[in-house]
file start.txt (compact mmCIF, N, CA and C atoms)
# COMPACT_ATOMS: atom_id res chain seq x y z
N MET A 1368 49.13 54.01 127.89
CA MET A 1368 50.39 54.38 127.29
C MET A 1368 50.69 55.82 127.62
N SER A 1369 51.92 56.09 128.01
CA SER A 1369 52.33 57.43 128.41
C SER A 1369 52.57 58.31 127.18
N THR A 1370 52.19 59.59 127.25
CA THR A 1370 52.38 60.51 126.13
C THR A 1370 53.64 61.35 126.26
N ASN A 1371 54.38 61.25 127.38
CA ASN A 1371 55.58 62.06 127.57
C ASN A 1371 56.87 61.26 127.36
N ARG A 1372 56.85 60.34 126.43
CA ARG A 1372 58.04 59.54 126.13
C ARG A 1372 59.10 60.40 125.44
N THR A 1373 60.35 60.12 125.75
CA THR A 1373 61.45 60.85 125.12
C THR A 1373 62.25 59.97 124.18
N ARG A 1374 61.92 58.72 124.10
CA ARG A 1374 62.64 57.82 123.20
C ARG A 1374 61.62 56.97 122.43
N PRO A 1375 62.04 56.45 121.28
CA PRO A 1375 61.13 55.63 120.47
C PRO A 1375 60.71 54.37 121.21
N ALA A 1376 59.56 53.87 120.88
CA ALA A 1376 59.08 52.62 121.48
C ALA A 1376 60.05 51.50 121.15
N GLY A 1377 60.35 50.68 122.12
CA GLY A 1377 61.27 49.57 121.92
C GLY A 1377 62.71 49.90 122.26
N ARG A 1378 63.02 51.14 122.43
CA ARG A 1378 64.39 51.52 122.80
C ARG A 1378 64.45 51.64 124.31
N HIS A 1379 65.44 50.96 124.90
CA HIS A 1379 65.50 50.88 126.35
C HIS A 1379 66.60 51.72 126.98
N ASP A 1380 67.54 52.23 126.20
CA ASP A 1380 68.61 53.04 126.80
C ASP A 1380 68.26 54.53 126.72
N ALA A 1381 68.92 55.33 127.50
CA ALA A 1381 68.61 56.75 127.59
C ALA A 1381 69.48 57.60 126.66
N ARG A 1382 70.39 56.96 125.91
CA ARG A 1382 71.25 57.74 125.02
C ARG A 1382 70.44 58.41 123.93
N ARG A 1383 70.93 59.55 123.49
CA ARG A 1383 70.30 60.28 122.40
C ARG A 1383 71.29 60.34 121.24
N PRO A 1384 70.86 60.52 120.02
CA PRO A 1384 71.78 60.54 118.87
C PRO A 1384 72.91 61.55 118.99
N GLU A 1385 72.69 62.71 119.59
CA GLU A 1385 73.74 63.72 119.70
C GLU A 1385 74.79 63.37 120.75
N ALA A 1386 74.62 62.26 121.46
CA ALA A 1386 75.58 61.86 122.47
C ALA A 1386 76.83 61.19 121.87
N VAL A 1387 76.81 60.90 120.55
CA VAL A 1387 77.96 60.30 119.89
C VAL A 1387 79.07 61.34 119.83
N PRO A 1388 80.29 61.02 120.28
CA PRO A 1388 81.39 61.99 120.26
C PRO A 1388 81.67 62.48 118.85
N ALA A 1389 82.03 63.74 118.73
CA ALA A 1389 82.29 64.35 117.42
C ALA A 1389 83.40 63.63 116.67
N GLN A 1390 84.48 63.22 117.33
CA GLN A 1390 85.59 62.54 116.67
C GLN A 1390 85.12 61.25 116.01
N ARG A 1391 84.25 60.53 116.67
CA ARG A 1391 83.74 59.28 116.12
C ARG A 1391 82.87 59.54 114.89
N ARG A 1392 82.06 60.58 114.93
CA ARG A 1392 81.22 60.91 113.77
C ARG A 1392 82.08 61.21 112.56
N ARG A 1393 83.16 61.99 112.73
CA ARG A 1393 84.02 62.34 111.60
C ARG A 1393 84.67 61.09 111.01
N THR A 1394 85.10 60.17 111.84
CA THR A 1394 85.77 58.97 111.36
C THR A 1394 84.80 58.08 110.59
N VAL A 1395 83.58 57.94 111.08
CA VAL A 1395 82.61 57.07 110.44
C VAL A 1395 82.10 57.68 109.15
N GLN A 1396 81.78 58.97 109.15
CA GLN A 1396 81.14 59.59 107.99
C GLN A 1396 82.12 59.99 106.90
N GLY A 1397 83.35 60.32 107.23
CA GLY A 1397 84.25 60.83 106.21
C GLY A 1397 85.62 60.19 106.27
N VAL A 1398 86.47 60.70 105.42
CA VAL A 1398 87.83 60.22 105.32
C VAL A 1398 88.71 61.07 106.23
N ARG A 1399 89.73 60.47 106.81
CA ARG A 1399 90.65 61.22 107.66
C ARG A 1399 91.40 62.24 106.81
N PRO A 1400 91.82 63.36 107.42
CA PRO A 1400 92.44 64.44 106.63
C PRO A 1400 93.67 64.01 105.84
N HIS A 1401 94.52 63.17 106.42
CA HIS A 1401 95.73 62.78 105.69
C HIS A 1401 95.40 61.91 104.48
N GLN A 1402 94.36 61.13 104.54
CA GLN A 1402 93.96 60.32 103.39
C GLN A 1402 93.39 61.21 102.28
N TRP A 1403 92.60 62.19 102.67
CA TRP A 1403 92.01 63.12 101.72
C TRP A 1403 93.10 63.92 101.01
N PHE A 1404 94.08 64.42 101.79
CA PHE A 1404 95.17 65.20 101.21
C PHE A 1404 96.06 64.33 100.34
N ALA A 1405 96.30 63.09 100.70
CA ALA A 1405 97.14 62.21 99.89
C ALA A 1405 96.54 62.07 98.49
N GLU A 1406 95.23 61.90 98.40
CA GLU A 1406 94.58 61.79 97.09
C GLU A 1406 94.71 63.08 96.30
N ARG A 1407 94.53 64.21 96.94
CA ARG A 1407 94.64 65.51 96.25
C ARG A 1407 96.07 65.76 95.78
N LEU A 1408 97.04 65.48 96.65
CA LEU A 1408 98.44 65.69 96.27
C LEU A 1408 98.81 64.78 95.10
N LEU A 1409 98.36 63.55 95.12
CA LEU A 1409 98.64 62.63 94.02
C LEU A 1409 98.03 63.14 92.72
N ALA A 1410 96.83 63.67 92.78
CA ALA A 1410 96.19 64.20 91.58
C ALA A 1410 97.02 65.33 90.96
N VAL A 1411 97.62 66.18 91.79
CA VAL A 1411 98.45 67.27 91.29
C VAL A 1411 99.79 66.73 90.79
N LEU A 1412 100.42 65.87 91.56
CA LEU A 1412 101.75 65.37 91.19
C LEU A 1412 101.72 64.45 89.97
N SER A 1413 100.59 63.84 89.70
CA SER A 1413 100.48 62.97 88.53
C SER A 1413 99.97 63.71 87.30
N GLY A 1414 99.67 64.99 87.43
CA GLY A 1414 99.22 65.79 86.29
C GLY A 1414 97.73 65.69 86.02
N GLN A 1415 96.97 65.03 86.88
CA GLN A 1415 95.53 64.93 86.68
C GLN A 1415 94.83 66.24 87.01
N ARG A 1416 95.45 67.03 87.89
CA ARG A 1416 94.91 68.34 88.29
C ARG A 1416 96.04 69.36 88.24
N PRO A 1417 95.70 70.64 87.99
CA PRO A 1417 96.74 71.68 87.99
C PRO A 1417 97.16 72.03 89.42
N VAL A 1418 98.35 72.57 89.56
CA VAL A 1418 98.89 72.91 90.88
C VAL A 1418 97.99 73.91 91.60
N HIS A 1419 97.43 74.88 90.87
CA HIS A 1419 96.61 75.89 91.54
C HIS A 1419 95.35 75.32 92.17
N TRP A 1420 95.02 74.07 91.90
CA TRP A 1420 93.89 73.39 92.54
C TRP A 1420 94.11 73.28 94.04
N MET A 1421 95.37 73.38 94.48
CA MET A 1421 95.70 73.25 95.90
C MET A 1421 95.91 74.61 96.58
N LEU A 1422 95.66 75.72 95.90
CA LEU A 1422 95.92 77.04 96.46
C LEU A 1422 95.30 77.26 97.84
N GLY A 1423 94.06 76.97 98.02
CA GLY A 1423 93.40 77.19 99.31
C GLY A 1423 93.67 76.10 100.34
N HIS A 1424 94.42 75.08 99.94
CA HIS A 1424 94.67 73.96 100.83
C HIS A 1424 96.12 73.85 101.25
N THR A 1425 96.90 74.90 101.02
CA THR A 1425 98.32 74.90 101.38
C THR A 1425 98.65 76.15 102.18
N ILE A 1426 99.72 76.06 102.97
CA ILE A 1426 100.24 77.23 103.68
C ILE A 1426 101.77 77.18 103.59
N GLY A 1427 102.38 78.31 103.82
CA GLY A 1427 103.84 78.37 103.82
C GLY A 1427 104.43 77.99 102.48
N ASP A 1428 105.49 77.19 102.51
CA ASP A 1428 106.21 76.81 101.30
C ASP A 1428 105.58 75.64 100.55
N ALA A 1429 104.54 75.05 101.06
CA ALA A 1429 103.97 73.85 100.45
C ALA A 1429 103.53 74.09 99.01
N TYR A 1430 102.92 75.22 98.72
CA TYR A 1430 102.47 75.48 97.35
C TYR A 1430 103.67 75.58 96.41
N ASP A 1431 104.72 76.28 96.86
CA ASP A 1431 105.94 76.40 96.04
C ASP A 1431 106.58 75.03 95.84
N GLN A 1432 106.57 74.20 96.87
CA GLN A 1432 107.12 72.85 96.74
C GLN A 1432 106.34 72.04 95.69
N LEU A 1433 105.02 72.14 95.74
CA LEU A 1433 104.20 71.45 94.75
C LEU A 1433 104.45 71.96 93.34
N ALA A 1434 104.54 73.28 93.21
CA ALA A 1434 104.77 73.88 91.89
C ALA A 1434 106.10 73.43 91.31
N GLU A 1435 107.07 73.19 92.16
CA GLU A 1435 108.38 72.74 91.70
C GLU A 1435 108.40 71.24 91.42
N LEU A 1436 107.73 70.46 92.25
CA LEU A 1436 107.73 69.01 92.08
C LEU A 1436 106.86 68.54 90.91
N ALA A 1437 105.71 69.14 90.74
CA ALA A 1437 104.71 68.63 89.80
C ALA A 1437 105.22 68.45 88.36
N PRO A 1438 105.88 69.43 87.75
CA PRO A 1438 106.28 69.24 86.35
C PRO A 1438 107.36 68.18 86.16
N ALA A 1439 108.18 67.93 87.18
CA ALA A 1439 109.33 67.04 87.02
C ALA A 1439 109.14 65.64 87.60
N THR A 1440 108.02 65.39 88.23
CA THR A 1440 107.84 64.11 88.92
C THR A 1440 107.66 62.94 87.94
N PRO A 1441 108.23 61.79 88.26
CA PRO A 1441 108.04 60.61 87.42
C PRO A 1441 106.60 60.09 87.42
N LEU A 1442 105.77 60.59 88.32
CA LEU A 1442 104.37 60.15 88.36
C LEU A 1442 103.59 60.64 87.14
N ARG A 1443 104.16 61.58 86.39
CA ARG A 1443 103.50 62.11 85.20
C ARG A 1443 103.75 61.26 83.96
N SER A 1444 104.53 60.22 84.09
CA SER A 1444 104.87 59.39 82.92
C SER A 1444 103.62 58.75 82.33
N ARG A 1445 103.70 58.48 81.05
CA ARG A 1445 102.57 57.84 80.38
C ARG A 1445 102.66 56.34 80.59
N GLY A 1446 101.90 55.86 81.47
CA GLY A 1446 101.90 54.44 81.78
C GLY A 1446 100.73 54.16 82.69
N ALA A 1447 100.95 53.29 83.63
CA ALA A 1447 99.89 52.97 84.59
C ALA A 1447 99.56 54.19 85.43
N ARG A 1448 98.28 54.40 85.67
CA ARG A 1448 97.85 55.51 86.49
C ARG A 1448 98.26 55.26 87.94
N PRO A 1449 98.92 56.24 88.57
CA PRO A 1449 99.36 56.03 89.96
C PRO A 1449 98.19 55.98 90.94
N VAL A 1450 98.33 55.13 91.93
CA VAL A 1450 97.32 54.99 92.98
C VAL A 1450 98.01 54.94 94.33
N ILE A 1451 97.29 55.32 95.36
CA ILE A 1451 97.83 55.27 96.71
C ILE A 1451 97.61 53.86 97.25
N ARG A 1452 98.71 53.20 97.62
CA ARG A 1452 98.63 51.85 98.17
C ARG A 1452 98.40 51.89 99.66
N MET A 1453 99.06 52.83 100.34
CA MET A 1453 98.98 52.92 101.79
C MET A 1453 99.16 54.38 102.18
N CYS A 1454 98.45 54.79 103.20
CA CYS A 1454 98.61 56.14 103.74
C CYS A 1454 98.44 56.08 105.25
N ARG A 1455 99.44 56.57 105.95
CA ARG A 1455 99.40 56.56 107.42
C ARG A 1455 99.74 57.94 107.93
N GLY A 1456 99.15 58.29 109.05
CA GLY A 1456 99.42 59.58 109.66
C GLY A 1456 99.67 59.45 111.15
N ALA A 1457 100.44 60.37 111.67
CA ALA A 1457 100.71 60.43 113.11
C ALA A 1457 100.48 61.86 113.56
N GLN A 1458 100.05 62.03 114.79
CA GLN A 1458 99.76 63.36 115.32
C GLN A 1458 100.77 63.68 116.41
N PRO A 1459 101.91 64.33 116.04
CA PRO A 1459 102.94 64.63 117.03
C PRO A 1459 102.54 65.75 118.00
N ALA A 1460 101.56 66.56 117.62
CA ALA A 1460 101.07 67.64 118.47
C ALA A 1460 99.63 67.92 118.08
N PRO A 1461 98.85 68.53 118.96
CA PRO A 1461 97.48 68.88 118.59
C PRO A 1461 97.48 69.82 117.38
N GLY A 1462 96.63 69.53 116.42
CA GLY A 1462 96.52 70.37 115.23
C GLY A 1462 97.61 70.13 114.20
N VAL A 1463 98.37 69.04 114.33
CA VAL A 1463 99.44 68.71 113.37
C VAL A 1463 99.34 67.23 113.03
N VAL A 1464 99.41 66.92 111.74
CA VAL A 1464 99.47 65.53 111.29
C VAL A 1464 100.64 65.40 110.34
N GLU A 1465 101.52 64.45 110.60
CA GLU A 1465 102.60 64.13 109.69
C GLU A 1465 102.25 62.79 109.07
N ALA A 1466 102.26 62.73 107.74
CA ALA A 1466 101.78 61.54 107.05
C ALA A 1466 102.77 61.07 106.00
N CYS A 1467 102.65 59.80 105.68
CA CYS A 1467 103.42 59.22 104.58
C CYS A 1467 102.48 58.33 103.77
N ALA A 1468 102.80 58.20 102.50
CA ALA A 1468 101.99 57.37 101.62
C ALA A 1468 102.90 56.67 100.63
N SER A 1469 102.53 55.47 100.23
CA SER A 1469 103.23 54.81 99.15
C SER A 1469 102.34 54.87 97.91
N ILE A 1470 102.96 55.21 96.79
CA ILE A 1470 102.24 55.41 95.55
C ILE A 1470 102.75 54.39 94.54
N ALA A 1471 101.85 53.63 93.95
CA ALA A 1471 102.23 52.64 92.96
C ALA A 1471 101.75 53.07 91.58
N ALA A 1472 102.64 52.91 90.60
CA ALA A 1472 102.30 53.15 89.20
C ALA A 1472 102.91 51.98 88.42
N GLY A 1473 102.11 50.98 88.17
CA GLY A 1473 102.64 49.76 87.55
C GLY A 1473 103.58 49.06 88.51
N GLU A 1474 104.81 48.82 88.07
CA GLU A 1474 105.83 48.17 88.90
C GLU A 1474 106.55 49.14 89.82
N GLN A 1475 106.43 50.42 89.55
CA GLN A 1475 107.15 51.45 90.30
C GLN A 1475 106.38 51.85 91.55
N VAL A 1476 107.10 51.96 92.67
CA VAL A 1476 106.51 52.42 93.93
C VAL A 1476 107.35 53.58 94.44
N ARG A 1477 106.68 54.67 94.80
CA ARG A 1477 107.36 55.86 95.31
C ARG A 1477 106.76 56.23 96.66
N ALA A 1478 107.54 56.98 97.42
CA ALA A 1478 107.09 57.43 98.74
C ALA A 1478 106.76 58.92 98.69
N MET A 1479 105.75 59.30 99.45
CA MET A 1479 105.38 60.71 99.58
C MET A 1479 105.20 60.99 101.06
N ALA A 1480 105.74 62.10 101.51
CA ALA A 1480 105.57 62.54 102.90
C ALA A 1480 105.01 63.95 102.88
N PHE A 1481 104.14 64.25 103.84
CA PHE A 1481 103.58 65.60 103.91
C PHE A 1481 103.15 65.90 105.34
N ARG A 1482 103.02 67.19 105.61
CA ARG A 1482 102.64 67.67 106.94
C ARG A 1482 101.38 68.52 106.79
N LEU A 1483 100.42 68.27 107.66
CA LEU A 1483 99.17 69.04 107.70
C LEU A 1483 99.12 69.82 109.00
N GLU A 1484 98.59 71.03 108.91
CA GLU A 1484 98.39 71.85 110.10
C GLU A 1484 96.96 72.36 110.09
N GLN A 1485 96.35 72.34 111.26
CA GLN A 1485 94.96 72.77 111.40
C GLN A 1485 94.95 74.24 111.83
N GLY A 1486 94.24 75.07 111.07
CA GLY A 1486 94.17 76.49 111.38
C GLY A 1486 93.13 76.80 112.43
N ARG A 1487 93.05 78.07 112.79
CA ARG A 1487 92.05 78.51 113.77
C ARG A 1487 90.63 78.26 113.30
N ASP A 1488 90.45 78.23 111.97
CA ASP A 1488 89.13 77.94 111.41
C ASP A 1488 88.83 76.44 111.35
N LEU A 1489 89.73 75.63 111.94
CA LEU A 1489 89.62 74.17 112.03
C LEU A 1489 89.79 73.46 110.69
N ARG A 1490 90.22 74.19 109.65
CA ARG A 1490 90.49 73.57 108.36
C ARG A 1490 91.93 73.07 108.33
N TRP A 1491 92.14 71.91 107.71
CA TRP A 1491 93.48 71.36 107.56
C TRP A 1491 94.10 71.91 106.28
N ARG A 1492 95.39 72.22 106.36
CA ARG A 1492 96.13 72.72 105.20
C ARG A 1492 97.48 72.02 105.15
N CYS A 1493 97.95 71.79 103.95
CA CYS A 1493 99.25 71.15 103.76
C CYS A 1493 100.34 72.19 103.97
N ALA A 1494 101.31 71.88 104.84
CA ALA A 1494 102.39 72.82 105.15
C ALA A 1494 103.71 72.40 104.50
N ALA A 1495 103.85 71.14 104.10
CA ALA A 1495 105.08 70.67 103.45
C ALA A 1495 104.78 69.38 102.71
N VAL A 1496 105.52 69.15 101.63
CA VAL A 1496 105.36 67.92 100.86
C VAL A 1496 106.70 67.53 100.26
N GLU A 1497 106.98 66.24 100.30
CA GLU A 1497 108.19 65.69 99.68
C GLU A 1497 107.80 64.42 98.94
N LEU A 1498 108.48 64.17 97.85
CA LEU A 1498 108.19 62.99 97.05
C LEU A 1498 109.46 62.19 96.86
N GLY A 1499 109.49 60.99 97.45
CA GLY A 1499 110.61 60.07 97.28
C GLY A 1499 111.96 60.76 97.36
N ASN A 1500 112.80 60.50 96.39
CA ASN A 1500 114.11 61.14 96.38
C ASN A 1500 114.19 62.25 95.35
N THR A 1501 113.04 62.82 94.98
CA THR A 1501 113.02 63.96 94.07
C THR A 1501 113.42 65.20 94.85
N PRO A 1502 114.58 65.80 94.56
CA PRO A 1502 115.03 66.94 95.34
C PRO A 1502 114.24 68.21 95.03
N VAL A 1503 114.04 69.00 96.06
CA VAL A 1503 113.44 70.32 95.89
C VAL A 1503 114.59 71.31 95.90
N ARG A 1504 114.65 72.17 94.90
CA ARG A 1504 115.74 73.13 94.79
C ARG A 1504 115.77 74.03 96.02
N ALA A 1505 116.97 74.30 96.52
CA ALA A 1505 117.14 75.13 97.72
C ALA A 1505 116.72 76.57 97.42
N ARG A 1506 116.07 77.17 98.38
CA ARG A 1506 115.62 78.58 98.26
C ARG A 1506 116.68 79.49 98.84
N LEU A 1507 116.91 80.62 98.20
CA LEU A 1507 117.88 81.60 98.70
C LEU A 1507 117.20 82.66 99.53

call {"tool": "encode", "arguments": {"input": "start.txt", "output": "structure tokens"}}
result
Amino acid sequence: MSTNRTRPAGRHDARRPEAVPAQRRRTVQGVRPHQWFAERLLAVLSGQRPVHWMLGHTIGDAYDQLAELAPATPLRSRGARPVIRMCRGAQPAPGVVEACASIAAGEQVRAMAFRLEQGRDLRWRCAAVELGNTPVRARL
């Protein structure tokens, strides 16, 4: 028996564990960024978490949009707890994800749209958020 083996006994291919592409590892081990953000945004918009919980996860006007939407959203009503039924994302450019989600609370279903941008530190941050037909007051 040879002592200079580089693979376990019984394994016949030359691949090594680190040969798995990074993108595949992220998809298998964790949740995609738009799904993770949809859950966090829902927690804030439904009143389960305070708006400042998203401080480090937003850029630009997104935090102000959340602060304005959260107190007035119908998702805060006392009834069935809202859940995400569907969440889809598209990547129109590298480092950008535009996503939409449908949120169900009992018989009521609402739409949520948001944009994520990846910073130089490779962290995703929410850059914009809209909820159904709930208007965001115009900024002067």

call {"tool": "closest_residue", "arguments": {"input": "start.txt", "among": "A:Ala1466, A:Leu1436, A:Leu1483, A:Ala1472", "to": "Leu1498 of chain A", "atoms": "only C-alpha atoms"}}
result
A:Leu1436

call {"tool": "residues_around", "arguments": {"input": "start.txt", "residues": "segment 1452-1465 of chain A", "least_positions_apart": "3", "cutoff": "8 Å", "atoms": "only N, CA and C atoms", "output": "list in words"}}
result
His1401, Gln1402, Ala1405, Pro1449, Ala1468, Ser1469, Ile1470, Ala1471, Ala1480, Phe1481, Arg1482, Leu1483, Glu1484, Gln1485, Gly1486 and Trp1491 of chain A

call {"tool": "atom_distance", "arguments": {"input": "start.txt", "atom1": "atom N of Arg1487 of chain A", "atom2": "atom CA of Cys1467 of chain A"}}
result
23.0 Å

call {"tool": "atom_distance", "arguments": {"input": "start.txt", "atom1": "atom N of Gly1414 of chain A", "atom2": "atom CA of Asp1488 of chain A"}}
result
29.2 Å

call {"tool": "build_atoms", "arguments": {"input": "start.txt", "residues": "segment 1397-1417 of chain A", "atoms": "N, CA, C and O atoms", "output": "compact mmCIF listing (two decimals), keeping the file's coordinate frame"}}
result
# COMPACT_ATOMS: atom_id res chain seq x y z
N GLY A 1397 83.35 60.32 107.23
CA GLY A 1397 84.25 60.83 106.21
C GLY A 1397 85.62 60.19 106.27
O GLY A 1397 85.89 59.28 107.04
N VAL A 1398 86.47 60.70 105.42
CA VAL A 1398 87.83 60.22 105.32
C VAL A 1398 88.71 61.07 106.23
O VAL A 1398 88.49 62.26 106.39
N ARG A 1399 89.73 60.47 106.81
CA ARG A 1399 90.65 61.22 107.66
C ARG A 1399 91.40 62.24 106.81
O ARG A 1399 91.62 62.03 105.63
N PRO A 1400 91.82 63.36 107.42
CA PRO A 1400 92.44 64.44 106.63
C PRO A 1400 93.67 64.01 105.84
O PRO A 1400 93.84 64.41 104.70
N HIS A 1401 94.52 63.17 106.42
CA HIS A 1401 95.73 62.78 105.69
C HIS A 1401 95.40 61.91 104.48
O HIS A 1401 96.07 61.99 103.45
N GLN A 1402 94.36 61.13 104.54
CA GLN A 1402 93.96 60.32 103.39
C GLN A 1402 93.39 61.21 102.28
O GLN A 1402 93.69 61.03 101.11
N TRP A 1403 92.60 62.19 102.67
CA TRP A 1403 92.01 63.12 101.72
C TRP A 1403 93.10 63.92 101.01
O TRP A 1403 93.09 64.07 99.79
N PHE A 1404 94.08 64.42 101.79
CA PHE A 1404 95.17 65.20 101.21
C PHE A 1404 96.06 64.33 100.34
O PHE A 1404 96.56 64.80 99.32
N ALA A 1405 96.30 63.09 100.70
CA ALA A 1405 97.14 62.21 99.89
C ALA A 1405 96.54 62.07 98.49
O ALA A 1405 97.27 62.14 97.48
N GLU A 1406 95.23 61.90 98.40
CA GLU A 1406 94.58 61.79 97.09
C GLU A 1406 94.71 63.08 96.30
O GLU A 1406 94.97 63.05 95.09
N ARG A 1407 94.53 64.21 96.94
CA ARG A 1407 94.64 65.51 96.25
C ARG A 1407 96.07 65.76 95.78
O ARG A 1407 96.29 66.22 94.66
N LEU A 1408 97.04 65.48 96.65
CA LEU A 1408 98.44 65.69 96.27
C LEU A 1408 98.81 64.78 95.10
O LEU A 1408 99.51 65.21 94.17
N LEU A 1409 98.36 63.55 95.12
CA LEU A 1409 98.64 62.63 94.02
C LEU A 1409 98.03 63.14 92.72
O LEU A 1409 98.66 63.05 91.66
N ALA A 1410 96.83 63.67 92.78
CA ALA A 1410 96.19 64.20 91.58
C ALA A 1410 97.02 65.33 90.96
O ALA A 1410 97.17 65.42 89.74
N VAL A 1411 97.62 66.18 91.79
CA VAL A 1411 98.45 67.27 91.29
C VAL A 1411 99.79 66.73 90.79
O VAL A 1411 100.24 67.08 89.69
N LEU A 1412 100.42 65.87 91.56
CA LEU A 1412 101.75 65.37 91.19
C LEU A 1412 101.72 64.45 89.97
O LEU A 1412 102.71 64.32 89.27
N SER A 1413 100.59 63.84 89.70
CA SER A 1413 100.48 62.97 88.53
C SER A 1413 99.97 63.71 87.30
O SER A 1413 99.83 63.11 86.23
N GLY A 1414 99.67 64.99 87.43
CA GLY A 1414 99.22 65.79 86.29
C GLY A 1414 97.73 65.69 86.02
O GLY A 1414 97.25 66.25 85.04
N GLN A 1415 96.97 65.03 86.88
CA GLN A 1415 95.53 64.93 86.68
C GLN A 1415 94.83 66.24 87.01
O GLN A 1415 93.74 66.51 86.51
N ARG A 1416 95.45 67.03 87.89
CA ARG A 1416 94.91 68.34 88.29
C ARG A 1416 96.04 69.36 88.24
O ARG A 1416 97.19 69.03 88.48
N PRO A 1417 95.70 70.64 87.99
CA PRO A 1417 96.74 71.68 87.99
C PRO A 1417 97.16 72.03 89.42
O PRO A 1417 96.42 71.81 90.37
